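*Asks:* Below is the file run18.txt, which contains compact mmCIF, C-alpha atoms.
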```txt
# COMPACT_ATOMS: atom_id res chain seq x y z
CA ALA A 804 25.56 -67.24 35.30
CA ARG A 805 27.13 -64.50 33.17
CA GLN A 806 30.76 -65.62 33.17
CA VAL A 807 32.69 -68.89 32.97
CA PHE A 808 33.64 -68.25 36.61
CA HIS A 809 30.35 -67.48 38.34
CA GLU A 810 30.69 -65.34 41.48
CA TRP A 811 28.44 -64.36 44.35
CA GLN A 812 28.80 -63.15 47.96
CA THR A 813 27.90 -64.78 51.25
CA ASP A 814 27.38 -63.41 54.73
CA VAL A 815 26.56 -64.62 58.24
CA ILE A 816 24.18 -63.24 60.86
CA ALA A 817 25.49 -62.97 64.41
CA SER A 818 23.85 -65.05 67.11
CA GLY A 819 21.74 -63.37 69.77
CA ALA A 820 23.69 -61.63 72.52
CA ALA A 821 23.14 -59.28 75.45
CA ASN A 822 22.11 -55.87 74.12
CA ALA A 823 21.25 -53.05 76.54
CA HIS A 824 22.09 -49.34 76.28
CA VAL A 825 21.86 -46.30 78.51
CA GLU A 826 19.06 -43.82 77.80
CA GLY A 827 20.28 -40.82 75.80
CA GLU A 828 23.76 -42.21 75.10
CA ILE A 829 25.73 -41.19 72.01
CA VAL A 830 25.42 -43.91 69.35
CA THR A 831 28.59 -45.18 67.74
CA GLY A 832 28.76 -47.70 64.93
CA ALA A 833 30.89 -50.80 64.68
CA THR A 834 33.11 -51.41 61.69
CA ILE A 835 31.23 -53.63 59.27
CA THR A 836 32.52 -57.06 58.35
CA PRO A 837 32.91 -57.45 54.59
CA THR A 838 30.90 -60.14 52.87
CA VAL A 839 32.78 -63.11 51.43
CA ARG A 840 33.16 -63.17 47.66
CA THR A 841 33.24 -66.68 46.28
CA GLY A 842 32.55 -68.50 43.03
CA ASN A 843 32.40 -71.70 41.04
CA TYR A 844 33.40 -72.64 37.51
CA CYS A 845 30.81 -73.52 34.89
CA GLN A 846 31.02 -77.06 33.55
CA ILE A 847 30.06 -78.11 30.03
CA LEU A 848 28.11 -81.37 29.83
CA GLN A 849 27.33 -82.90 26.48
CA LYS A 850 25.60 -85.87 24.88
CA ALA A 851 25.92 -86.85 21.21
CA PHE A 852 24.81 -89.72 18.98
CA VAL A 853 24.92 -90.89 15.38
CA VAL A 854 22.07 -92.53 13.47
CA SER A 855 22.58 -93.89 9.99
CA GLU A 856 20.25 -92.78 7.20
CA THR A 857 19.19 -96.40 6.81
CA ASN A 858 18.29 -96.76 10.48
CA GLU A 859 16.15 -93.63 10.30
CA ALA A 860 14.45 -94.73 7.09
CA VAL A 861 13.42 -98.27 8.06
CA GLU A 862 10.28 -98.95 10.03
CA SER A 863 11.21 -99.71 13.64
CA ALA A 864 9.05 -101.65 16.06
CA GLY A 865 7.60 -99.36 18.72
CA ARG A 866 8.73 -95.98 17.37
CA ASP A 867 8.38 -93.83 14.27
CA SER A 868 11.79 -92.13 14.37
CA GLU A 869 15.08 -93.47 15.70
CA ILE A 870 16.44 -89.93 15.96
CA ALA A 871 13.49 -88.74 18.05
CA TYR A 872 13.83 -91.75 20.34
CA GLN A 873 17.58 -91.21 20.86
CA LYS A 874 17.04 -87.51 21.55
CA ALA A 875 14.60 -88.29 24.35
CA LYS A 876 16.89 -90.97 25.79
CA TYR A 877 20.10 -88.92 25.73
CA LEU A 878 18.36 -85.86 27.17
CA LYS A 879 17.43 -87.93 30.23
CA GLU A 880 21.02 -89.18 30.47
CA LEU A 881 22.31 -85.60 30.32
CA THR A 882 20.01 -84.73 33.22
CA ASN A 883 21.47 -87.64 35.20
CA ASP A 884 25.01 -86.42 34.45
CA ILE A 885 24.13 -82.91 35.63
CA GLU A 886 22.75 -84.28 38.90
CA TYR A 887 25.90 -86.38 39.34
CA ALA A 888 28.16 -83.33 38.92
CA LEU A 889 26.06 -81.14 41.23
CA ILE A 890 26.39 -83.67 44.05
CA ILE A 891 29.61 -85.63 43.59
CA ASN A 892 32.24 -83.24 42.23
CA SER A 893 34.71 -82.61 45.05
CA ALA A 894 36.51 -79.58 43.63
CA SER A 895 36.25 -76.98 40.90
CA VAL A 896 38.66 -77.18 37.97
CA THR A 897 39.82 -74.04 36.19
CA GLY A 898 40.28 -75.79 32.87
CA ALA A 899 42.83 -75.36 30.09
CA SER A 900 43.19 -76.08 26.39
CA ALA A 901 43.21 -79.82 27.05
CA THR A 902 41.41 -79.86 30.43
CA ALA A 903 37.68 -79.48 30.87
CA ARG A 904 36.33 -77.02 33.42
CA GLN A 905 34.54 -78.64 36.34
CA LEU A 906 32.10 -77.26 38.87
CA LYS A 907 32.38 -78.00 42.59
CA GLY A 908 29.46 -80.07 43.83
CA VAL A 909 27.66 -80.38 47.14
CA LEU A 910 30.20 -82.84 48.59
CA GLY A 911 32.99 -80.39 47.82
CA TRP A 912 31.21 -77.35 49.25
CA ILE A 913 30.23 -78.81 52.63
CA VAL A 914 33.26 -78.40 54.91
CA THR A 915 31.91 -77.02 58.20
CA ASN A 916 29.44 -79.62 59.44
CA VAL A 917 31.24 -82.90 58.77
CA THR A 918 30.89 -86.04 60.88
CA THR A 919 33.19 -89.01 60.28
CA CYS A 920 32.09 -92.54 61.10
CA SER A 921 32.82 -93.12 64.78
CA THR A 922 34.09 -96.32 66.35
CA ALA A 923 30.59 -96.76 67.74
CA ALA A 924 29.34 -97.41 64.22
CA SER A 925 30.17 -100.65 62.52
CA ALA A 926 31.44 -100.75 58.96
CA SER A 927 27.99 -101.81 57.83
CA GLY A 928 25.82 -99.43 59.81
CA VAL A 929 25.09 -95.80 60.61
CA SER A 930 25.27 -94.76 64.25
CA GLU A 931 22.15 -92.96 65.45
CA THR A 932 24.42 -90.97 67.75
CA ASP A 933 26.55 -89.82 64.81
CA PHE A 934 23.40 -88.91 62.88
CA ASN A 935 22.16 -86.70 65.72
CA THR A 936 25.63 -85.22 66.19
CA ASN A 937 25.62 -84.05 62.58
CA LEU A 938 22.13 -82.59 62.96
CA ALA A 939 23.30 -80.69 66.04
CA LEU A 940 26.21 -79.21 64.08
CA ILE A 941 23.90 -78.06 61.29
CA TRP A 942 21.41 -76.56 63.73
CA ALA A 943 24.15 -74.71 65.64
CA GLN A 944 25.28 -73.07 62.39
CA GLY A 945 21.76 -71.85 61.57
CA GLY A 946 20.32 -74.76 59.63
CA GLN A 947 16.54 -74.90 59.70
CA ASP A 948 14.14 -77.81 59.66
CA PRO A 949 12.58 -79.66 58.01
CA TYR A 950 15.90 -81.20 57.04
CA ASN A 951 16.31 -83.32 53.92
CA THR A 952 18.73 -86.24 54.11
CA ILE A 953 19.86 -88.19 51.03
CA CYS A 954 21.90 -91.37 51.09
CA GLY A 955 22.49 -94.68 49.35
CA SER A 956 20.41 -97.81 49.80
CA ALA A 957 22.70 -99.33 52.44
CA GLN A 958 22.64 -96.21 54.60
CA LYS A 959 18.87 -95.85 54.18
CA ARG A 960 18.35 -99.38 55.47
CA SER A 961 20.71 -98.66 58.34
CA ILE A 962 18.79 -95.50 59.30
CA SER A 963 15.57 -97.54 59.18
CA ARG A 964 17.02 -99.62 62.02
CA PHE A 965 17.25 -96.59 64.34
CA THR A 966 15.39 -97.23 67.56
CA GLY A 967 15.42 -94.01 69.59
CA ASN A 968 12.08 -93.56 71.31
CA THR A 969 10.09 -95.17 68.52
CA THR A 970 7.55 -97.92 68.76
CA ARG A 971 6.90 -99.99 65.65
CA PHE A 972 3.45 -101.29 64.80
CA ASN A 973 2.09 -104.04 62.58
CA GLU A 974 -1.24 -103.36 60.90
CA MET A 975 -3.42 -106.23 62.04
CA ASP A 976 -6.14 -105.71 59.44
CA ARG A 977 -3.71 -105.57 56.51
CA PRO A 978 -0.73 -107.74 55.50
CA LYS A 979 1.65 -104.85 55.95
CA VAL A 980 4.68 -104.26 58.17
CA GLU A 981 6.41 -100.90 58.42
CA ALA A 982 10.16 -101.54 58.30
CA ARG A 983 11.46 -98.15 57.26
CA VAL A 984 12.15 -94.66 58.59
CA ASP A 985 11.17 -91.93 56.10
CA ILE A 986 10.72 -89.17 58.68
CA TYR A 987 12.98 -88.98 61.72
CA LEU A 988 11.86 -86.63 64.50
CA SER A 989 15.04 -85.49 66.19
CA ASP A 990 15.72 -83.02 69.00
CA HIS A 991 16.86 -80.56 66.33
CA GLY A 992 13.94 -80.91 63.97
CA GLU A 993 12.17 -83.13 61.48
CA VAL A 994 14.35 -85.03 59.01
CA ARG A 995 13.05 -86.46 55.74
CA VAL A 996 15.23 -89.39 54.67
CA ARG A 997 15.38 -90.40 51.00
CA LYS A 998 17.46 -92.79 48.92
CA HIS A 999 19.54 -91.21 46.17
CA ARG A 1000 20.97 -93.22 43.28
CA VAL A 1001 24.03 -90.98 42.85
CA LEU A 1002 25.12 -91.46 46.45
CA ASN A 1003 24.33 -95.15 46.15
CA GLY A 1004 27.03 -95.58 43.52
CA ALA A 1005 29.71 -92.92 43.34
CA ALA A 1006 29.79 -91.97 47.01
CA THR A 1007 28.56 -95.02 48.87
CA GLY A 1008 29.16 -94.39 52.56
CA THR A 1009 28.33 -90.67 52.42
CA ILE A 1010 25.17 -89.10 53.83
CA VAL A 1011 24.15 -85.51 53.05
CA THR A 1012 21.65 -83.46 55.07
CA PHE A 1013 20.33 -80.16 53.74
CA GLY A 1014 19.19 -77.67 56.35
CA ASP A 1015 17.74 -75.28 53.77
CA MET A 1016 17.41 -76.28 50.11
CA GLY A 1017 17.10 -72.60 49.22
CA LEU A 1018 20.83 -72.19 49.94
CA TRP A 1019 21.66 -74.23 46.81
CA LYS A 1020 20.98 -73.05 43.27
CA LYS A 1021 21.80 -74.10 39.72
CA ALA A 1022 23.26 -71.27 37.65
CA PHE A 1023 23.08 -71.88 33.89
CA LEU A 1024 25.42 -70.08 31.52
CA ARG A 1025 23.99 -71.90 28.50
CA GLN A 1026 21.05 -74.28 28.21
CA GLY A 1027 20.73 -75.11 24.53
CA GLY A 1028 18.60 -77.55 22.59
CA TRP A 1029 19.54 -80.26 20.14
CA LYS A 1030 21.81 -79.33 17.22
CA GLU A 1031 22.61 -81.30 14.08
CA LEU A 1032 26.20 -81.48 12.91
CA GLY A 1033 27.29 -81.19 9.31
CA VAL A 1034 26.72 -84.16 7.01
CA THR A 1035 29.90 -86.15 6.31
CA GLY A 1036 28.30 -89.32 4.96
CA SER A 1037 25.12 -91.35 5.08
CA ALA A 1038 24.54 -90.70 8.78
CA ARG A 1039 23.09 -87.92 10.88
CA ARG A 1040 24.89 -86.59 13.97
CA HIS A 1041 23.16 -84.75 16.79
CA PHE A 1042 24.35 -83.29 20.09
CA VAL A 1043 22.99 -81.36 23.06
CA GLU A 1044 24.91 -79.62 25.84
CA SER A 1045 24.44 -77.51 28.94
CA GLU A 1046 26.89 -75.23 30.70
CA LEU A 1047 26.17 -74.55 34.35
CA THR A 1048 27.54 -74.40 37.86
CA LEU A 1049 26.37 -74.86 41.45
CA GLU A 1050 25.80 -71.82 43.62
CA SER A 1051 26.30 -72.47 47.33
CA LEU A 1052 24.86 -69.48 49.18
CA GLN A 1053 25.92 -70.80 52.60
CA GLU A 1054 27.32 -74.30 53.06
CA LYS A 1055 27.01 -74.00 56.87
CA GLY A 1056 23.29 -74.69 56.51
CA SER A 1057 23.99 -78.30 55.46
CA GLY A 1058 26.13 -81.19 56.65
CA LYS A 1059 27.56 -84.54 55.60
CA MET A 1060 28.58 -87.82 57.20
CA THR A 1061 31.40 -89.85 55.70
CA GLY A 1062 33.25 -93.13 56.18
CA TYR A 1063 30.33 -95.53 56.35
CA GLY A 1064 30.52 -98.93 54.73
CA THR A 1065 27.94 -100.92 52.80
CA LEU A 1066 25.67 -103.70 53.94
```
For the structure just supplied, provide its representation as C-alpha cells.

*Replies:*
Amino acid sequence: ARQVFHEWQTDVIASGAANAHVEGEIVTGATITPTVRTGNYCQILQKAFVVSETNEAVESAGRDSEIAYQKAKYLKELTNDIEYALIINSASVTGASATARQLKGVLGWIVTNVTTCSTAASASGVSETDFNTNLALIWAQGGQDPYNTICGSAQKRSISRFTGNTTRFNEMDRPKVEARVDIYLSDHGEVRVRKHRVLNGAATGTIVTFGDMGLWKKAFLRQGGWKELGVTGSARRHFVESELTLESLQEKGSGKMTGYGTL
C-alpha cells in the first residue's frame, strides 16, 4: 500500500459464447467496458506493554528477560488481531480525529455468492444441500477448485456428518475410526475443510469458501518493529504496530454461508 486509502482495479472475463464470422468481413471493435476502481482503508493495529525496572532486573524462572518474553508474546497476539480484522471486519471505516480507520475484511467483501441457512437445515446443523448450492454459485462466477472452506468447530462437526455418496470405514487392524470430513469431493470440485478459531468465536454460524486464495492479498503500508517509549519513571514501555489493509481482487471467486447455529 502507498496511501491510507489503498486502491486497485478489478475486471471480469466474459463467459464463452457463439463466435463465428464471415470470411473477409470488415472488423469492427466493441466499446470496451471500463475496469472497476475500488479500495480499502488501512488499519493500524498496535500492541504495547510496560515492564518495571525491578521486574527486568530480577532473575525469573524459565526466562532471562521479561521484556524479551513479552515482546514475543505480544507479537503473536498482534498477528492474531491482524487475522481477526482480515476475516471479521464487515465494513471499512474512513476514520477521523477520534475514530480509528478500519479495513474491510473477507466477510464484508463477499456479497455475490451468499447462501443463508435454509429451512432444511436445523439450527444446529449445516445442510449438505446448502453447502453444494454455495459451491455452485462460486463455480458459476468463475471460482476454481481446489476450494478452501473455513468454519468454526460446530460447523466442522456438522460437515463431518455429511453423507452424500460416501462410505465410512473402520480400520480393523488399528483402534481408529474416521469420523471427520477434511476433503469433500463435490460436483463442482474438491473442497478442503478446516476449522478456524476466528470464525469459531466472533462469527459462529458463518462458513467461508475461497475459490482462489490468490484473489486475496495483504497490503502493508507500514510493518515496523518494536519501539521503546521515553522513560517517565522506573519502568520501560515498548510498543509494536502494523498498518495494513485487505486487497480483494475479485470477491466473486469466493462465497459464504450464514445463519447457522451452534451445536

*Asks:* Choose the residue, out of A:Gln947, A:Thr952, A:Val853, A:Gln812, that has the smallest atom-to-atom separation from Glu1031 in chain A; count only C-alpha atoms.

*Replies:*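 Of A:Gln947, A:Thr952, A:Val853, A:Gln812, the one nearest Glu1031 in chain A is A:Val853, counting only C-alpha atoms.
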
*Asks:* Give me the residues near range 899-904 of chain A as a ChimeraX atom specification, where near means some atom within 8 Å (using only C-alpha atoms) and where sequence neighbours in that chain fewer than 4 positions away do not count.

*Replies:* /A:844-847,895

*Asks:* Nearest to Arg964 in chain A: which of A:Ile885, A:Gly928, A:Asp990, A:Asp933 is it, counting only C-alpha atoms?

*Replies:* A:Gly928

*Asks:* If we count only C-alpha atoms, what is near Leu940 in chain A at a cut-off of 6 Å, once residues fewer than 3 positions away on the same chain are taken out, given as a ChimeraX atom specification?

*Replies:* /A:916,937,943

*Asks:* Rank nothing, just name the residue among A:Gly1028, A:Gly842, A:Gly832, A:Gly1014 nearest to His1041 in chain A, using only C-alpha atoms.

*Replies:*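 Closest to His1041 in chain A, using only C-alpha atoms: A:Gly1028.
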
*Asks:* Which residue gives the smallest distance to Thr857 in chain A among A:Ile890, A:Arg1025, A:Glu869, A:Thr1009, with all atoms listed in the file counted?

*Replies:*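 Distance minimum relative to Thr857 in chain A lands on A:Glu869.
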
*Asks:* Which is closest to Arg840 in chain A among A:Leu1052, A:Met1016, A:Met1060, A:Ile1010, if we use only C-alpha atoms?

*Replies:*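 Distance minimum relative to Arg840 in chain A lands on A:Leu1052.
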
*Asks:* Counting only C-alpha atoms, which residue out of A:Ser1051, A:Ser863, A:Gln849, A:Ser855 sits closest to Asp884 in chain A?

*Replies:*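 For Asp884 in chain A, the nearest of the candidates is A:Gln849.
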
*Asks:* Within 10 Å of (27.9, -55.2, 52.7) in the file's own coordinates, which protein, DNA or RNA residues have an atom, counting all atoms listed in the file? List them as a PyMOL selection string.

*Replies:* chain A and resi 812-814+835-839

*Asks:* Please report the interatomic distance between CA of Ala1038 in chain A and CA of Lys850 in chain A in Å with one decimal.

*Replies:*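 Here the two named atoms are 16.8 Å from each other.
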
*Asks:* What is the CA of Asp1015 in chain A-CA of His991 in chain A distance in Å, reported with one decimal?

*Replies:*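 Interatomic distance here is 13.7 Å.
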
*Asks:* Please indicate the distance in Å from CA of Phe965 in chain A to CA of Glu931 in chain A, rounded to one decimal place.

*Replies:*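 Calculated distance between CA of Phe965 in chain A and CA of Glu931 in chain A is 6.2 Å.
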
*Asks:* Would you pick out the contacts of Thr1061 in chain A at 8 Å or less, using all atoms listed in the file, so that residues sharing its chain but fewer than 2 positions from it are not included, and give the list as a ChimeraX atom specification?

*Replies:* /A:917-920,1008-1010,1059,1063

*Asks:* Go ahead and write the residues just picked, C-alpha atoms, as an mmCIF file, keeping the file's coordinate frame.

*Replies:*
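Below you can see again_1.cif, which holds the result:
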```cif
data_model
loop_
_atom_site.group_PDB
_atom_site.id
_atom_site.type_symbol
_atom_site.label_atom_id
_atom_site.label_comp_id
_atom_site.auth_asym_id
_atom_site.auth_seq_id
_atom_site.Cartn_x
_atom_site.Cartn_y
_atom_site.Cartn_z
ATOM 1 C CA VAL A 917 31.240 -82.900 58.770
ATOM 2 C CA THR A 918 30.890 -86.040 60.880
ATOM 3 C CA THR A 919 33.190 -89.010 60.280
ATOM 4 C CA CYS A 920 32.090 -92.540 61.100
ATOM 5 C CA GLY A 1008 29.160 -94.390 52.560
ATOM 6 C CA THR A 1009 28.330 -90.670 52.420
ATOM 7 C CA ILE A 1010 25.170 -89.100 53.830
ATOM 8 C CA LYS A 1059 27.560 -84.540 55.600
ATOM 9 C CA TYR A 1063 30.330 -95.530 56.350
#
```

*Asks:* If we count all atoms listed in the file, what is near Ser893 in chain A at a cut-off of 10 Å, once residues fewer than 5 positions away on the same chain are taken out, given as a tab-separated table (two decimals) with C-alpha atoms, in the frame of the given file?

*Replies:*
```
chain	number	residue	atom	x	y	z
A	888	ALA	CA	28.16	-83.33	38.92
A	905	GLN	CA	34.54	-78.64	36.34
A	906	LEU	CA	32.10	-77.26	38.87
A	907	LYS	CA	32.38	-78.00	42.59
A	908	GLY	CA	29.46	-80.07	43.83
A	909	VAL	CA	27.66	-80.38	47.14
A	910	LEU	CA	30.20	-82.84	48.59
A	911	GLY	CA	32.99	-80.39	47.82
A	912	TRP	CA	31.21	-77.35	49.25
A	913	ILE	CA	30.23	-78.81	52.63
```

*Asks:* Just want the 10 Å neighbourhood of Glu859 in chain A, counted on only C-alpha atoms, with same-chain residues fewer than 6 positions away dropped. Output as a list in words.

*Replies:* Asp867, Ser868, Glu869, Ile870, Ala871, Ala1038 and Arg1039 of chain A

*Asks:* Within 9 Å of (21.7, -100.1, 62.4), in the coordinates the file gives, what residues turn up when you count only C-alpha atoms, written out as a JSON list (two decimals) with C-alpha atoms, keeping the file's coordinate frame?

*Replies:*
```json
[["chain", "number", "residue", "atom", "x", "y", "z"],
["A", 924, "ALA", "CA", 29.34, -97.41, 64.22],
["A", 925, "SER", "CA", 30.17, -100.65, 62.52],
["A", 927, "SER", "CA", 27.99, -101.81, 57.83],
["A", 928, "GLY", "CA", 25.82, -99.43, 59.81],
["A", 929, "VAL", "CA", 25.09, -95.80, 60.61],
["A", 930, "SER", "CA", 25.27, -94.76, 64.25],
["A", 931, "GLU", "CA", 22.15, -92.96, 65.45],
["A", 958, "GLN", "CA", 22.64, -96.21, 54.60],
["A", 960, "ARG", "CA", 18.35, -99.38, 55.47],
["A", 961, "SER", "CA", 20.71, -98.66, 58.34],
["A", 962, "ILE", "CA", 18.79, -95.50, 59.30],
["A", 963, "SER", "CA", 15.57, -97.54, 59.18],
["A", 964, "ARG", "CA", 17.02, -99.62, 62.02],
["A", 965, "PHE", "CA", 17.25, -96.59, 64.34],
["A", 966, "THR", "CA", 15.39, -97.23, 67.56]]
```

*Asks:* Calculate, to one decimal in Å, the centre and edge lengths of the box along x, y and z of the file that holds all listed atoms of range 996-1004 of chain A with 8 Å of margin on each side, and present them as AutoDock Vina command-line options.

*Replies:*
```
--center_x 21.1 --center_y -92.5 --center_z 48.8 --size_x 27.8 --size_y 22.2 --size_z 27.8
```

*Asks:* Complete range 889-903 of chain A with N, CA and C atoms (output as a PDB file, in the frame of the given file).

*Replies:*
```pdb
ATOM      1  N   LEU A 889      26.505 -82.052  40.181  1.00  0.00           N
ATOM      2  CA  LEU A 889      26.060 -81.140  41.230  1.00  0.00           C
ATOM      3  C   LEU A 889      26.251 -81.714  42.618  1.00  0.00           C
ATOM      4  N   ILE A 890      26.240 -83.039  42.733  1.00  0.00           N
ATOM      5  CA  ILE A 890      26.390 -83.670  44.050  1.00  0.00           C
ATOM      6  C   ILE A 890      27.805 -84.157  44.295  1.00  0.00           C
ATOM      7  N   ILE A 891      28.383 -84.880  43.355  1.00  0.00           N
ATOM      8  CA  ILE A 891      29.610 -85.630  43.590  1.00  0.00           C
ATOM      9  C   ILE A 891      30.892 -84.818  43.467  1.00  0.00           C
ATOM     10  N   ASN A 892      30.974 -83.916  42.504  1.00  0.00           N
ATOM     11  CA  ASN A 892      32.240 -83.240  42.230  1.00  0.00           C
ATOM     12  C   ASN A 892      32.851 -82.631  43.494  1.00  0.00           C
ATOM     13  N   SER A 893      34.077 -83.017  43.790  1.00  0.00           N
ATOM     14  CA  SER A 893      34.710 -82.610  45.050  1.00  0.00           C
ATOM     15  C   SER A 893      35.450 -81.287  44.966  1.00  0.00           C
ATOM     16  N   ALA A 894      35.750 -80.822  43.765  1.00  0.00           N
ATOM     17  CA  ALA A 894      36.510 -79.580  43.630  1.00  0.00           C
ATOM     18  C   ALA A 894      36.250 -78.968  42.267  1.00  0.00           C
ATOM     19  N   SER A 895      36.387 -77.648  42.180  1.00  0.00           N
ATOM     20  CA  SER A 895      36.250 -76.980  40.900  1.00  0.00           C
ATOM     21  C   SER A 895      37.572 -77.062  40.140  1.00  0.00           C
ATOM     22  N   VAL A 896      37.476 -77.112  38.829  1.00  0.00           N
ATOM     23  CA  VAL A 896      38.660 -77.180  37.970  1.00  0.00           C
ATOM     24  C   VAL A 896      38.637 -75.994  37.024  1.00  0.00           C
ATOM     25  N   THR A 897      39.744 -75.241  37.011  1.00  0.00           N
ATOM     26  CA  THR A 897      39.820 -74.040  36.190  1.00  0.00           C
ATOM     27  C   THR A 897      39.688 -74.350  34.712  1.00  0.00           C
ATOM     28  N   GLY A 898      40.317 -75.423  34.272  1.00  0.00           N
ATOM     29  CA  GLY A 898      40.280 -75.790  32.870  1.00  0.00           C
ATOM     30  C   GLY A 898      41.428 -75.191  32.087  1.00  0.00           C
ATOM     31  N   ALA A 899      41.761 -75.819  30.982  1.00  0.00           N
ATOM     32  CA  ALA A 899      42.830 -75.360  30.090  1.00  0.00           C
ATOM     33  C   ALA A 899      42.502 -75.858  28.685  1.00  0.00           C
ATOM     34  N   SER A 900      43.448 -75.688  27.774  1.00  0.00           N
ATOM     35  CA  SER A 900      43.190 -76.080  26.390  1.00  0.00           C
ATOM     36  C   SER A 900      42.878 -77.563  26.250  1.00  0.00           C
ATOM     37  N   ALA A 901      43.446 -78.381  27.127  1.00  0.00           N
ATOM     38  CA  ALA A 901      43.210 -79.820  27.050  1.00  0.00           C
ATOM     39  C   ALA A 901      42.544 -80.365  28.321  1.00  0.00           C
ATOM     40  N   THR A 902      42.047 -79.454  29.179  1.00  0.00           N
ATOM     41  CA  THR A 902      41.410 -79.860  30.430  1.00  0.00           C
ATOM     42  C   THR A 902      40.045 -79.203  30.543  1.00  0.00           C
ATOM     43  N   ALA A 903      39.034 -80.003  30.774  1.00  0.00           N
ATOM     44  CA  ALA A 903      37.680 -79.480  30.870  1.00  0.00           C
ATOM     45  C   ALA A 903      37.459 -78.775  32.206  1.00  0.00           C
TER      46      ALA A 903
END
```
